[in-house]
file input.cif (mmCIF, C-alpha atoms)
data_model
loop_
_atom_site.label_atom_id
_atom_site.label_comp_id
_atom_site.auth_asym_id
_atom_site.auth_seq_id
_atom_site.Cartn_x
_atom_site.Cartn_y
_atom_site.Cartn_z
CA MET N 1 -38.01 118.90 -9.81
CA HIS N 2 -38.64 115.72 -11.77
CA ALA N 3 -41.58 116.07 -14.16
CA MET N 4 -43.74 112.97 -14.30
CA SER N 5 -43.80 111.11 -17.58
CA PRO N 6 -47.12 110.07 -19.19
CA THR N 7 -46.43 106.49 -18.05
CA GLU N 8 -45.99 107.60 -14.45
CA ILE N 9 -49.20 109.65 -14.53
CA PHE N 10 -51.08 106.70 -16.03
CA LEU N 11 -49.81 104.39 -13.28
CA LEU N 12 -50.74 106.99 -10.67
CA ALA N 13 -54.28 106.97 -12.03
CA MET N 14 -54.28 103.15 -11.90
CA LEU N 15 -53.06 103.31 -8.29
CA LEU N 16 -56.01 105.54 -7.37
CA ILE N 17 -58.48 103.36 -9.28
CA PHE N 18 -57.48 100.17 -7.48
CA SER N 19 -56.48 101.39 -4.03
CA VAL N 20 -59.14 103.89 -2.97
CA PRO N 21 -62.29 101.78 -3.52
CA TYR N 22 -60.63 98.67 -2.08
CA ALA N 23 -59.54 100.53 1.06
CA VAL N 24 -63.05 101.91 1.57
CA TRP N 25 -64.63 98.47 0.99
CA ARG N 26 -62.24 96.55 3.22
CA LEU N 27 -61.73 99.07 6.05
CA GLY N 28 -65.35 100.22 6.00
CA ARG N 29 -66.65 96.63 5.88
CA THR N 30 -69.30 97.67 3.37
CA ASP N 31 -69.79 94.26 1.78
CA TYR N 32 -73.26 93.65 3.21
CA TRP N 33 -74.88 96.75 1.69
CA ALA N 34 -72.27 97.76 -0.90
CA PRO N 35 -70.20 94.98 -2.57
CA LEU N 36 -66.80 95.93 -3.96
CA VAL N 37 -68.21 96.43 -7.46
CA VAL N 38 -70.65 99.05 -6.11
CA VAL N 39 -67.90 100.79 -4.12
CA GLN N 40 -65.78 100.91 -7.29
CA ILE N 41 -68.60 102.60 -9.21
CA ILE N 42 -69.09 105.13 -6.41
CA GLY N 43 -65.31 105.62 -6.32
CA GLY N 44 -65.36 106.46 -10.02
CA ILE N 45 -68.00 109.12 -9.36
CA LEU N 46 -66.03 110.61 -6.45
CA LEU N 47 -62.75 110.66 -8.39
CA GLY N 48 -64.43 112.28 -11.41
CA PRO N 49 -65.04 115.93 -12.29
CA GLY N 50 -68.34 116.15 -10.41
CA VAL N 51 -66.81 115.77 -6.93
CA LEU N 52 -63.01 115.75 -6.46
CA GLY N 53 -62.54 117.36 -9.85
CA ALA N 54 -64.72 120.27 -8.74
CA LEU N 55 -63.01 120.53 -5.33
CA PHE N 56 -59.45 120.10 -6.63
CA PRO N 57 -59.37 121.04 -10.33
CA GLY N 58 -55.57 121.03 -10.36
CA TYR N 59 -55.48 117.39 -9.24
CA TYR N 60 -58.02 116.40 -11.84
CA ALA N 61 -56.26 118.18 -14.72
CA PHE N 62 -52.92 116.64 -13.74
CA VAL N 63 -53.92 113.01 -13.13
CA PHE N 64 -56.71 112.69 -15.68
CA SER N 65 -55.15 114.49 -18.61
CA PRO N 66 -56.54 113.79 -22.11
CA GLN N 67 -53.63 111.41 -22.76
CA THR N 68 -54.32 109.44 -19.56
CA ILE N 69 -58.05 109.33 -20.22
CA GLY N 70 -57.38 108.06 -23.75
CA SER N 71 -55.28 105.20 -22.37
CA LEU N 72 -57.87 104.36 -19.73
CA ASN N 73 -60.70 104.42 -22.27
CA GLY N 74 -59.00 101.75 -24.39
CA ILE N 75 -58.77 99.41 -21.39
CA ALA N 76 -62.33 100.25 -20.38
CA TRP N 77 -63.77 99.50 -23.84
CA TRP N 78 -62.11 96.10 -24.10
CA SER N 79 -62.90 95.10 -20.51
CA VAL N 80 -66.60 95.88 -20.81
CA MET N 81 -66.79 94.14 -24.19
CA MET N 82 -65.42 90.96 -22.59
CA PHE N 83 -67.79 91.29 -19.66
CA VAL N 84 -70.87 91.66 -21.85
CA TRP N 85 -69.63 88.83 -24.09
CA ILE N 86 -69.55 86.52 -21.05
CA ALA N 87 -73.03 87.68 -20.03
CA GLY N 88 -74.26 86.71 -23.50
CA ILE N 89 -72.66 83.27 -23.31
CA GLU N 90 -74.19 82.59 -19.89
CA LEU N 91 -77.75 83.32 -20.99
CA ASP N 92 -79.54 79.97 -20.84
CA LEU N 93 -82.26 80.63 -23.39
CA GLY N 94 -82.90 76.89 -23.74
CA GLU N 95 -84.04 76.59 -20.12
CA ALA N 96 -86.14 79.73 -20.50
CA TRP N 97 -87.85 78.11 -23.49
CA ARG N 98 -88.54 74.90 -21.57
CA GLN N 99 -90.22 76.94 -18.82
CA ARG N 100 -91.62 79.39 -21.34
CA HIS N 101 -95.08 80.04 -19.86
CA GLU N 102 -93.94 81.01 -16.38
CA THR N 103 -90.77 82.66 -17.67
CA SER N 104 -92.48 84.74 -20.35
CA VAL N 105 -95.26 85.93 -18.02
CA THR N 106 -92.85 86.89 -15.25
CA ALA N 107 -90.21 88.44 -17.50
CA SER N 108 -92.86 90.45 -19.36
CA CYS N 109 -94.39 91.82 -16.15
CA ALA N 110 -90.93 92.47 -14.67
CA LEU N 111 -89.97 94.45 -17.77
CA LEU N 112 -93.12 96.23 -18.94
CA VAL N 113 -94.40 97.66 -15.65
CA PRO N 114 -91.14 99.42 -14.66
CA LEU N 115 -90.71 100.42 -18.31
CA VAL N 116 -94.03 102.27 -18.07
CA THR N 117 -93.28 103.86 -14.67
CA GLY N 118 -89.78 104.83 -15.80
CA SER N 119 -91.12 106.33 -19.04
CA LEU N 120 -93.66 108.38 -17.08
CA ALA N 121 -90.83 109.65 -14.87
CA ALA N 122 -88.86 110.54 -18.02
CA LEU N 123 -91.78 112.51 -19.43
CA LEU N 124 -91.96 114.47 -16.18
CA MET N 125 -88.22 115.20 -16.28
CA LEU N 126 -88.41 116.36 -19.91
CA ARG N 127 -90.74 119.17 -18.87
CA PHE N 128 -87.57 120.83 -17.61
CA PRO N 129 -84.40 121.67 -19.60
CA GLY N 130 -81.10 119.85 -19.31
CA TRP N 131 -82.12 116.21 -19.64
CA ARG N 132 -82.42 115.66 -23.41
CA GLY N 133 -79.22 115.20 -25.42
CA PRO N 134 -78.60 117.21 -28.60
CA GLN N 135 -79.15 114.13 -30.82
CA GLY N 136 -82.03 112.65 -28.82
CA ALA N 137 -85.64 112.61 -30.03
CA THR N 138 -88.29 112.61 -27.32
CA TRP N 139 -89.23 108.97 -27.92
CA GLN N 140 -85.57 107.89 -27.73
CA VAL N 141 -85.00 109.66 -24.42
CA VAL N 142 -88.25 108.38 -22.89
CA LEU N 143 -87.71 104.80 -24.08
CA GLY N 144 -84.06 104.87 -23.02
CA ILE N 145 -84.80 106.12 -19.50
CA GLY N 146 -87.76 103.77 -19.18
CA MET N 147 -85.64 100.79 -20.20
CA ALA N 148 -82.89 101.83 -17.80
CA CYS N 149 -85.48 101.68 -15.00
CA ALA N 150 -86.69 98.26 -16.13
CA VAL N 151 -83.46 96.33 -16.72
CA THR N 152 -81.85 93.83 -14.36
CA ALA N 153 -78.07 93.41 -14.50
CA LEU N 154 -77.60 89.66 -14.90
CA PRO N 155 -73.84 89.53 -14.08
CA ILE N 156 -74.27 91.48 -10.82
CA LEU N 157 -77.37 89.43 -9.99
CA ILE N 158 -75.23 86.27 -10.29
CA LEU N 159 -72.59 87.74 -7.95
CA LEU N 160 -75.16 88.78 -5.34
CA MET N 161 -76.98 85.45 -5.46
CA GLU N 162 -73.63 83.70 -4.96
CA LYS N 163 -73.15 85.89 -1.89
CA LEU N 164 -76.65 85.02 -0.65
CA GLU N 165 -76.02 81.31 -1.39
CA VAL N 166 -79.13 80.90 -3.55
CA LEU N 167 -77.57 80.85 -7.04
CA ARG N 168 -77.71 77.05 -7.45
CA GLN N 169 -81.00 76.69 -5.57
CA PRO N 170 -84.41 76.51 -7.36
CA LEU N 171 -85.16 80.13 -6.41
CA GLY N 172 -81.89 81.32 -7.91
CA GLN N 173 -82.41 79.41 -11.14
CA ARG N 174 -85.93 80.85 -11.49
CA VAL N 175 -84.63 84.38 -11.04
CA LEU N 176 -81.87 83.78 -13.62
CA ARG N 177 -84.46 82.71 -16.20
CA TYR N 178 -86.52 85.84 -15.65
CA ALA N 179 -83.48 88.12 -15.78
CA SER N 180 -82.11 86.40 -18.89
CA LEU N 181 -85.05 87.39 -21.07
CA ASP N 182 -84.95 90.96 -19.78
CA ASP N 183 -81.22 91.06 -20.51
CA VAL N 184 -81.94 90.13 -24.13
CA ALA N 185 -84.72 92.72 -24.31
CA ILE N 186 -82.48 95.64 -23.37
CA TRP N 187 -80.20 95.02 -26.35
CA GLY N 188 -83.19 94.71 -28.66
CA VAL N 189 -84.55 98.04 -27.39
CA LEU N 190 -81.09 99.58 -27.75
CA ALA N 191 -80.93 98.48 -31.39
CA ILE N 192 -84.31 100.18 -31.98
CA ILE N 193 -83.18 103.39 -30.26
CA LEU N 194 -79.95 103.48 -32.27
CA LEU N 195 -81.58 102.67 -35.60
CA ASP N 196 -80.04 105.20 -37.95
CA TRP N 197 -81.93 105.68 -41.22
CA ASP N 198 -78.83 107.25 -42.76
CA ARG N 199 -76.96 104.02 -42.07
CA VAL N 200 -79.81 101.53 -42.34
CA GLY N 201 -78.07 99.84 -45.27
CA ARG N 202 -75.02 99.22 -43.13
CA GLN N 203 -77.16 97.95 -40.27
CA ALA N 204 -79.03 95.55 -42.55
CA GLY N 205 -75.68 94.41 -43.93
CA PHE N 206 -74.43 93.85 -40.39
CA PHE N 207 -77.33 91.56 -39.47
CA ILE N 208 -77.08 89.61 -42.73
CA GLY N 209 -73.30 89.23 -42.37
CA PHE N 210 -73.63 88.40 -38.68
CA THR N 211 -76.15 85.65 -39.42
CA ILE N 212 -73.85 84.03 -41.99
CA ALA N 213 -70.80 84.39 -39.71
CA THR N 214 -72.77 82.90 -36.79
CA LEU N 215 -73.52 79.76 -38.79
CA LEU N 216 -69.82 79.41 -39.57
CA ILE N 217 -68.59 80.04 -36.01
CA ARG N 218 -71.11 77.56 -34.61
CA ARG N 219 -69.82 74.91 -37.00
CA LEU N 220 -66.20 75.70 -36.12
CA MET N 221 -66.35 75.85 -32.30
CA PRO N 222 -67.30 72.22 -31.53
CA ARG N 223 -64.54 71.03 -33.87
CA ILE N 224 -61.60 72.70 -32.12
CA PRO N 225 -60.06 72.02 -28.66
CA GLU N 226 -61.47 73.99 -25.75
CA ARG N 227 -58.21 75.92 -25.21
CA ASP N 228 -58.52 77.20 -28.80
CA ARG N 229 -62.18 78.12 -28.35
CA TRP N 230 -61.22 80.84 -25.88
CA TYR N 231 -58.82 82.50 -28.31
CA VAL N 232 -61.09 82.11 -31.34
CA SER N 233 -63.97 83.54 -29.27
CA LEU N 234 -61.98 86.68 -28.47
CA VAL N 235 -61.20 87.13 -32.18
CA TRP N 236 -64.92 86.69 -32.83
CA LEU N 237 -65.71 89.25 -30.10
CA ALA N 238 -63.39 91.88 -31.58
CA ALA N 239 -64.77 91.29 -35.10
CA CYS N 240 -68.41 91.57 -33.98
CA GLY N 241 -67.68 94.66 -31.89
CA PHE N 242 -65.98 96.35 -34.84
CA ALA N 243 -68.78 95.40 -37.24
CA GLY N 244 -71.48 96.58 -34.82
CA ASP N 245 -69.80 99.95 -34.38
CA TRP N 246 -69.16 100.31 -38.12
CA ALA N 247 -72.89 99.74 -38.71
CA GLY N 248 -73.81 102.47 -36.22
CA LEU N 249 -75.25 100.08 -33.63
CA HIS N 250 -72.37 100.60 -31.11
CA PHE N 251 -69.67 98.06 -30.40
CA MET N 252 -71.48 96.87 -27.26
CA VAL N 253 -74.40 95.52 -29.32
CA GLY N 254 -71.92 93.52 -31.40
CA ALA N 255 -70.13 92.32 -28.24
CA PHE N 256 -73.33 91.06 -26.64
CA LEU N 257 -74.52 89.33 -29.82
CA SER N 258 -71.13 87.65 -30.21
CA GLY N 259 -71.68 85.95 -26.85
CA VAL N 260 -75.36 85.10 -27.23
CA VAL N 261 -74.75 82.88 -30.27
CA LEU N 262 -72.10 80.83 -28.46
CA ASP N 263 -73.09 77.87 -26.25
CA ALA N 264 -71.97 77.86 -22.62
CA ARG N 265 -71.44 74.07 -22.86
CA TRP N 266 -68.48 74.71 -25.17
CA PHE N 267 -66.57 76.20 -22.22
CA ASP N 268 -65.61 74.77 -18.85
CA GLN N 269 -67.95 76.41 -16.30
CA GLU N 270 -65.25 76.74 -13.65
CA ARG N 271 -62.88 78.44 -16.08
CA MET N 272 -65.68 80.74 -17.23
CA ASP N 273 -66.39 81.73 -13.62
CA GLN N 274 -62.69 82.37 -13.05
CA PHE N 275 -62.43 84.40 -16.24
CA ARG N 276 -65.43 86.56 -15.25
CA HIS N 277 -64.00 87.17 -11.78
CA THR N 278 -60.58 87.99 -13.26
CA ILE N 279 -62.11 90.61 -15.54
CA LEU N 280 -64.02 92.11 -12.60
CA LEU N 281 -60.84 92.17 -10.54
CA ALA N 282 -58.22 93.24 -13.06
CA VAL N 283 -59.77 95.54 -15.67
CA MET N 284 -63.40 96.42 -14.92
CA PRO N 285 -62.41 98.95 -12.20
CA VAL N 286 -60.96 101.03 -15.05
CA TYR N 287 -64.37 101.00 -16.72
CA PHE N 288 -66.03 102.13 -13.48
CA LEU N 289 -63.58 105.02 -13.23
CA SER N 290 -64.13 106.04 -16.84
CA THR N 291 -67.87 105.94 -16.13
CA GLY N 292 -67.41 108.18 -13.10
CA LEU N 293 -65.45 110.66 -15.19
CA LYS N 294 -68.62 111.33 -17.21
CA THR N 295 -70.71 112.43 -14.23
CA GLN N 296 -71.62 116.11 -14.18
CA TRP N 297 -73.93 118.37 -12.18
CA ASP N 298 -74.26 121.36 -14.49
CA VAL N 299 -78.05 121.64 -14.10
CA GLY N 300 -77.45 121.82 -10.35
CA GLY N 301 -76.70 119.09 -7.86
CA THR N 302 -80.17 119.36 -6.35
CA ALA N 303 -81.84 118.76 -9.71
CA VAL N 304 -79.66 115.74 -10.44
CA PHE N 305 -80.36 114.17 -7.05
CA ALA N 306 -84.07 114.93 -7.40
CA GLY N 307 -84.06 113.24 -10.82
CA ALA N 308 -82.22 110.25 -9.38
CA ALA N 309 -84.74 109.96 -6.52
CA LEU N 310 -87.67 110.11 -8.95
CA LEU N 311 -86.10 107.42 -11.15
CA LEU N 312 -85.32 105.24 -8.12
CA VAL N 313 -88.94 105.34 -6.97
CA ALA N 314 -90.19 104.61 -10.50
CA SER N 315 -87.72 101.75 -10.90
CA VAL N 316 -88.19 100.04 -7.52
CA ALA N 317 -91.96 100.48 -7.37
CA GLY N 318 -92.39 99.41 -10.99
CA LYS N 319 -90.30 96.27 -10.59
CA LEU N 320 -92.04 95.22 -7.36
CA ALA N 321 -95.47 95.90 -8.88
CA GLY N 322 -94.60 93.96 -12.02
CA ILE N 323 -93.36 90.90 -10.12
CA GLY N 324 -96.36 91.14 -7.79
CA LEU N 325 -98.65 91.06 -10.81
CA ALA N 326 -96.83 88.00 -12.19
CA GLY N 327 -97.14 86.26 -8.82
CA ARG N 328 -100.90 86.81 -8.77
CA ILE N 329 -101.31 85.57 -12.34
CA LEU N 330 -99.21 82.44 -11.72
CA GLY N 331 -100.40 81.73 -8.18
CA TRP N 332 -97.04 81.90 -6.42
CA LYS N 333 -96.83 81.13 -2.72
CA LYS N 334 -96.85 84.05 -0.31
CA GLY N 335 -93.59 85.98 -0.10
CA ASP N 336 -92.02 84.73 -3.35
CA ALA N 337 -92.97 87.80 -5.37
CA LEU N 338 -91.44 90.26 -2.90
CA THR N 339 -88.19 88.28 -2.62
CA ILE N 340 -87.85 87.92 -6.40
CA GLY N 341 -88.83 91.55 -6.93
CA TRP N 342 -86.00 92.74 -4.69
CA LEU N 343 -83.48 90.37 -6.29
CA LEU N 344 -84.30 91.80 -9.70
CA GLN N 345 -83.48 95.34 -8.52
CA THR N 346 -79.79 94.89 -9.38
CA LYS N 347 -79.01 97.40 -12.12
CA ALA N 348 -75.34 98.31 -11.88
CA LEU N 349 -73.09 97.34 -14.81
CA ILE N 350 -75.54 96.39 -17.58
CA MET N 351 -77.68 99.48 -17.01
CA ILE N 352 -74.57 101.62 -16.72
CA ILE N 353 -73.27 100.17 -19.99
CA PHE N 354 -76.66 100.88 -21.58
CA VAL N 355 -76.80 104.54 -20.49
CA ASN N 356 -73.13 105.01 -21.40
CA ILE N 357 -74.11 104.17 -24.96
CA LEU N 358 -77.03 106.63 -24.85
CA LEU N 359 -74.59 109.28 -23.61
CA ASP N 360 -72.00 108.46 -26.28
CA LYS N 361 -74.71 108.86 -28.93
CA GLN N 362 -75.79 112.20 -27.34
CA ILE N 363 -79.34 110.93 -26.77
CA ILE N 364 -79.14 111.93 -23.10
CA THR N 365 -77.07 114.58 -21.33
CA ASN N 366 -74.34 114.11 -18.74
CA GLU N 367 -76.86 115.18 -16.10
CA THR N 368 -79.37 112.50 -17.13
CA PHE N 369 -76.53 110.01 -17.16
CA THR N 370 -75.51 111.03 -13.63
CA ALA N 371 -79.08 110.72 -12.32
CA LEU N 372 -79.42 107.26 -13.89
CA LEU N 373 -76.04 106.21 -12.52
CA LEU N 374 -77.03 107.25 -8.99
CA MET N 375 -80.32 105.38 -9.39
CA ALA N 376 -78.49 102.23 -10.53
CA VAL N 377 -76.10 102.32 -7.58
CA ALA N 378 -78.90 102.92 -5.06
CA SER N 379 -81.18 100.17 -6.41
CA THR N 380 -78.29 97.67 -6.42
CA MET N 381 -77.33 98.58 -2.85
CA LEU N 382 -80.89 97.86 -1.72
CA THR N 383 -80.85 94.26 -2.94
CA VAL N 384 -78.87 92.38 -0.28
CA PRO N 385 -80.24 94.26 2.78
CA MET N 386 -83.81 93.68 1.59
CA VAL N 387 -83.40 90.05 0.49
CA ALA N 388 -81.09 88.58 3.17
CA PRO N 389 -83.57 88.94 6.09
CA ARG N 390 -86.35 87.46 3.96
CA LEU N 391 -84.24 84.41 3.11
CA LYS N 392 -83.35 83.91 6.77
CA ARG N 393 -87.02 84.03 7.78
CA ALA N 394 -87.90 81.57 5.00
CA ASP N 395 -85.14 79.19 6.22
CA ARG N 396 -86.44 79.35 9.80
CA ILE N 397 -90.00 78.65 8.64
CA GLY N 398 -88.78 75.75 6.48
CA GLN N 399 -86.94 74.19 9.43
CA ARG N 400 -90.03 74.11 11.65
#

call {"tool": "encode", "arguments": {"input": "input.cif", "output": "structure tokens"}}
result
Amino acid sequence: MHAMSPTEIFLLAMLLIFSVPYAVWRLGRTDYWAPLVVVQIIGGILLGPGVLGALFPGYYAFVFSPQTIGSLNGIAWWSVMMFVWIAGIELDLGEAWRQRHETSVTASCALLVPLVTGSLAALLMLRFPGWRGPQGATWQVVLGIGMACAVTALPILILLMEKLEVLRQPLGQRVLRYASLDDVAIWGVLAIILLDWDRVGRQAGFFIGFTIATLLIRRLMPRIPERDRWYVSLVWLAACGFAGDWAGLHFMVGAFLSGVVLDARWFDQERMDQFRHTILLAVMPVYFLSTGLKTQWDVGGTAVFAGAALLLVASVAGKLAGIGLAGRILGWKKGDALTIGWLLQTKALIMIIFVNILLDKQIITNETFTALLLMAVASTMLTVPMVAPRLKRADRIGQR
């Protein structure tokens, strides 16, 4: 019998990664409540050790051998770095500054209230064993879980608002401003959580070196043709990712910062959209699979699902309450707060990247990671079914 080579096993894994979620999404017609990106994340969970790996350990050991996982991880790291880099470029901080009163009030309420409710949920979970990682202090775990409940995933929000046809409308642009500031905040909080006093010299050196390099790259980019900007930007991305990881801040912090300091106007918007969609299509499914491979249920499936349910309630209720508070302070018209609150529930991708880093640094356990992952998927799946009917009613009222 022919023994499969490592290349053949790798390609078999790639076949599973791309075919299974797509078949479920297309044949099941899940797009309304679960876009393809959500199905891919769920597919990663199902193909991982927590589900199919537990049911068919022989399959899991054969397909996802250490050599295969190593190859997949390399693709996953680079794909998610590019995705976060694009998210950084697309942050329009200038517009947020121009609308700074409304934006700061809304973004603060949208972030702080679910941060508090999520932190309270984390404190309740920590009364039981199995949720704190071996390297995690209590404040790091609580702040990390609280921030995971508070964040909004800007890239997924853009995709869903495109689907709902509100991205270029005033409502969509308002929501993007609010989410942009919260997207910046999560990386600031992550830097605080990862602050390593044993490597604080390196981290200070990173920020000093990054500041100097940013001044140089910003002088260079406008002076070169646009086709060269793409290549130079990827070199810049790899350098910042390496430097961030060397400093102990994680390569994702460096990747995000490398995008934030670049101006979106230096790139053709249509090409940027195409590039983002290509990454989502061609390489990000590998990241979703590698994420699913980290899910575990060792504290018991019931406990993990209970933790996920608690975090989902804390996240959804906190976000809706925070946006409701902002609406009252700013005097929004009736219905705006609830619609915006549901739009800002999208958590998949950026939150998953965030908790992946916490897991890599052993601040949380695999079980905490799994509960947060389930919460992120559920909150994202709620967005379109809750928002679409509200937009239709608003259109009907506006046409009268």

call {"tool": "atom_distance", "arguments": {"input": "input.cif", "atom1": "CA of Pro21 in chain N", "atom2": "CA of Ile42 in chain N"}}
result
8.1 Å

call {"tool": "closest_residue", "arguments": {"input": "input.cif", "among": "N:Ala76, N:Cys149, N:Pro35, N:Pro222", "to": "Ala282 in chain N", "atoms": "all atoms listed in the file"}}
result
N:Ala76

call {"tool": "closest_residue", "arguments": {"input": "input.cif", "among": "N:Pro385, N:Pro57, N:Gly341, N:Gly335", "to": "Val175 in chain N", "atoms": "only C-alpha atoms"}}
result
N:Gly341

call {"tool": "atom_distance", "arguments": {"input": "input.cif", "atom1": "CA of Cys109 in chain N", "atom2": "CA of Ile323 in chain N"}}
result
6.2 Å

call {"tool": "resolve_selection", "arguments": {"input": "input.cif", "expression": "the PyMOL selection byres ((chain N and resi 254) around 6)", "output": "list in words"}}
result
Cys240, Gly241, Gly244, Phe251, Met252, Val253, Ala255, Phe256 and Leu257 of chain N

call {"tool": "resolve_selection", "arguments": {"input": "input.cif", "expression": "the PyMOL selection byres ((chain N and resi 33) around 9)", "output": "short mmCIF file (atom, residue, chain, number, x, y, z; two decimals) with C-alpha atoms, keeping the file's coordinate frame"}}
result
data_model
loop_
_atom_site.label_atom_id
_atom_site.label_comp_id
_atom_site.auth_asym_id
_atom_site.auth_seq_id
_atom_site.Cartn_x
_atom_site.Cartn_y
_atom_site.Cartn_z
CA THR N 30 -69.30 97.67 3.37
CA ASP N 31 -69.79 94.26 1.78
CA TYR N 32 -73.26 93.65 3.21
CA ALA N 34 -72.27 97.76 -0.90
CA PRO N 35 -70.20 94.98 -2.57
CA THR N 380 -78.29 97.67 -6.42
CA MET N 381 -77.33 98.58 -2.85
CA LEU N 382 -80.89 97.86 -1.72
CA THR N 383 -80.85 94.26 -2.94
CA VAL N 384 -78.87 92.38 -0.28
CA PRO N 385 -80.24 94.26 2.78
#

call {"tool": "closest_residue", "arguments": {"input": "input.cif", "among": "N:Gln173, N:Ser5, N:Thr302, N:Gln345", "to": "Val316 in chain N", "atoms": "only C-alpha atoms"}}
result
N:Gln345

call {"tool": "resolve_selection", "arguments": {"input": "input.cif", "expression": "the PyMOL selection byres ((chain N and resi 308-312) around 9)", "output": "number ranges by chain"}}
result
N: 117-118, 121-122, 125, 145-146, 149, 303-307, 313-317, 368, 370-376, 378-379

call {"tool": "closest_residue", "arguments": {"input": "input.cif", "among": "N:Ala191, N:Met14, N:Leu167, N:Ile41", "to": "Thr291 in chain N", "atoms": "all atoms listed in the file"}}
result
N:Ile41

call {"tool": "residues_around", "arguments": {"input": "input.cif", "residues": "range 354-365 of chain N", "least_positions_apart": "2", "cutoff": "8 Å", "atoms": "all atoms listed in the file", "output": "VMD selection string"}}
result
chain N and resid 130 to 137 140 to 141 144 148 190 250 291 350 to 352 367 to 369 372

call {"tool": "write_last_selection", "arguments": {"input": "input.cif", "atoms": "C-alpha atoms", "output": "mmCIF file, in the coordinates of the input"}}
result
data_model
loop_
_atom_site.group_PDB
_atom_site.id
_atom_site.type_symbol
_atom_site.label_atom_id
_atom_site.label_comp_id
_atom_site.auth_asym_id
_atom_site.auth_seq_id
_atom_site.Cartn_x
_atom_site.Cartn_y
_atom_site.Cartn_z
ATOM 1 C CA GLY N 130 -81.100 119.850 -19.310
ATOM 2 C CA TRP N 131 -82.120 116.210 -19.640
ATOM 3 C CA ARG N 132 -82.420 115.660 -23.410
ATOM 4 C CA GLY N 133 -79.220 115.200 -25.420
ATOM 5 C CA PRO N 134 -78.600 117.210 -28.600
ATOM 6 C CA GLN N 135 -79.150 114.130 -30.820
ATOM 7 C CA GLY N 136 -82.030 112.650 -28.820
ATOM 8 C CA ALA N 137 -85.640 112.610 -30.030
ATOM 9 C CA GLN N 140 -85.570 107.890 -27.730
ATOM 10 C CA VAL N 141 -85.000 109.660 -24.420
ATOM 11 C CA GLY N 144 -84.060 104.870 -23.020
ATOM 12 C CA ALA N 148 -82.890 101.830 -17.800
ATOM 13 C CA LEU N 190 -81.090 99.580 -27.750
ATOM 14 C CA HIS N 250 -72.370 100.600 -31.110
ATOM 15 C CA THR N 291 -67.870 105.940 -16.130
ATOM 16 C CA ILE N 350 -75.540 96.390 -17.580
ATOM 17 C CA MET N 351 -77.680 99.480 -17.010
ATOM 18 C CA ILE N 352 -74.570 101.620 -16.720
ATOM 19 C CA GLU N 367 -76.860 115.180 -16.100
ATOM 20 C CA THR N 368 -79.370 112.500 -17.130
ATOM 21 C CA PHE N 369 -76.530 110.010 -17.160
ATOM 22 C CA LEU N 372 -79.420 107.260 -13.890
#

call {"tool": "closest_residue", "arguments": {"input": "input.cif", "among": "N:Pro6, N:Val151, N:Ile217, N:Val200", "to": "Ala185 in chain N", "atoms": "all atoms listed in the file"}}
result
N:Val151

call {"tool": "residues_around", "arguments": {"input": "input.cif", "residues": "range 265-281 of chain N", "least_positions_apart": "3", "cutoff": "8 Å", "atoms": "only C-alpha atoms", "output": "list in words"}}
result
Val37, Ser79, Met82, Phe83, Ile86, Met221, Pro222, Glu226, Arg229, Trp230, Leu262, Met284 and Pro285 of chain N

call {"tool": "residues_around", "arguments": {"input": "input.cif", "residues": "Ile208 in chain N", "least_positions_apart": "6", "cutoff": "12 Å", "atoms": "only C-alpha atoms", "output": "PyMOL selection string"}}
result
chain N and resi 201-202+214-215+243-244+247

call {"tool": "write_last_selection", "arguments": {"input": "input.cif", "atoms": "C-alpha atoms", "output": "short mmCIF file (atom, residue, chain, number, x, y, z; two decimals), keeping the file's coordinate frame"}}
result
data_model
loop_
_atom_site.label_atom_id
_atom_site.label_comp_id
_atom_site.auth_asym_id
_atom_site.auth_seq_id
_atom_site.Cartn_x
_atom_site.Cartn_y
_atom_site.Cartn_z
CA GLY N 201 -78.07 99.84 -45.27
CA ARG N 202 -75.02 99.22 -43.13
CA THR N 214 -72.77 82.90 -36.79
CA LEU N 215 -73.52 79.76 -38.79
CA ALA N 243 -68.78 95.40 -37.24
CA GLY N 244 -71.48 96.58 -34.82
CA ALA N 247 -72.89 99.74 -38.71
#

call {"tool": "atom_distance", "arguments": {"input": "input.cif", "atom1": "CA of Ala337 in chain N", "atom2": "CA of Leu159 in chain N"}}
result
20.5 Å

call {"tool": "closest_residue", "arguments": {"input": "input.cif", "among": "N:Ile69, N:Leu293, N:Leu330, N:Val142", "to": "Thr103 in chain N", "atoms": "only C-alpha atoms"}}
result
N:Leu330

call {"tool": "residues_around", "arguments": {"input": "input.cif", "residues": "Gly70 in chain N", "least_positions_apart": "6", "cutoff": "12 Å", "atoms": "only C-alpha atoms", "output": "tab-separated table (two decimals) with C-alpha atoms, in the coordinates of the input"}}
result
chain	number	residue	atom	x	y	z
N	6	PRO	CA	-47.12	110.07	-19.19
N	10	PHE	CA	-51.08	106.70	-16.03
N	64	PHE	CA	-56.71	112.69	-15.68
N	76	ALA	CA	-62.33	100.25	-20.38
N	77	TRP	CA	-63.77	99.50	-23.84
N	286	VAL	CA	-60.96	101.03	-15.05
N	290	SER	CA	-64.13	106.04	-16.84

call {"tool": "residues_around", "arguments": {"input": "input.cif", "residues": "Gly44 in chain N", "least_positions_apart": "3", "cutoff": "6 Å", "atoms": "only C-alpha atoms", "output": "ChimeraX atom specification"}}
result
/N:41,47,288-289,292

call {"tool": "axis_aligned_box", "arguments": {"input": "input.cif", "around": "range 319-332 of chain N", "padding_each_side": "6 Å", "output": "AutoDock Vina command-line options"}}
result
--center_x -95.8 --center_y 89.0 --center_z -9.4 --size_x 23.0 --size_y 26.5 --size_z 17.9
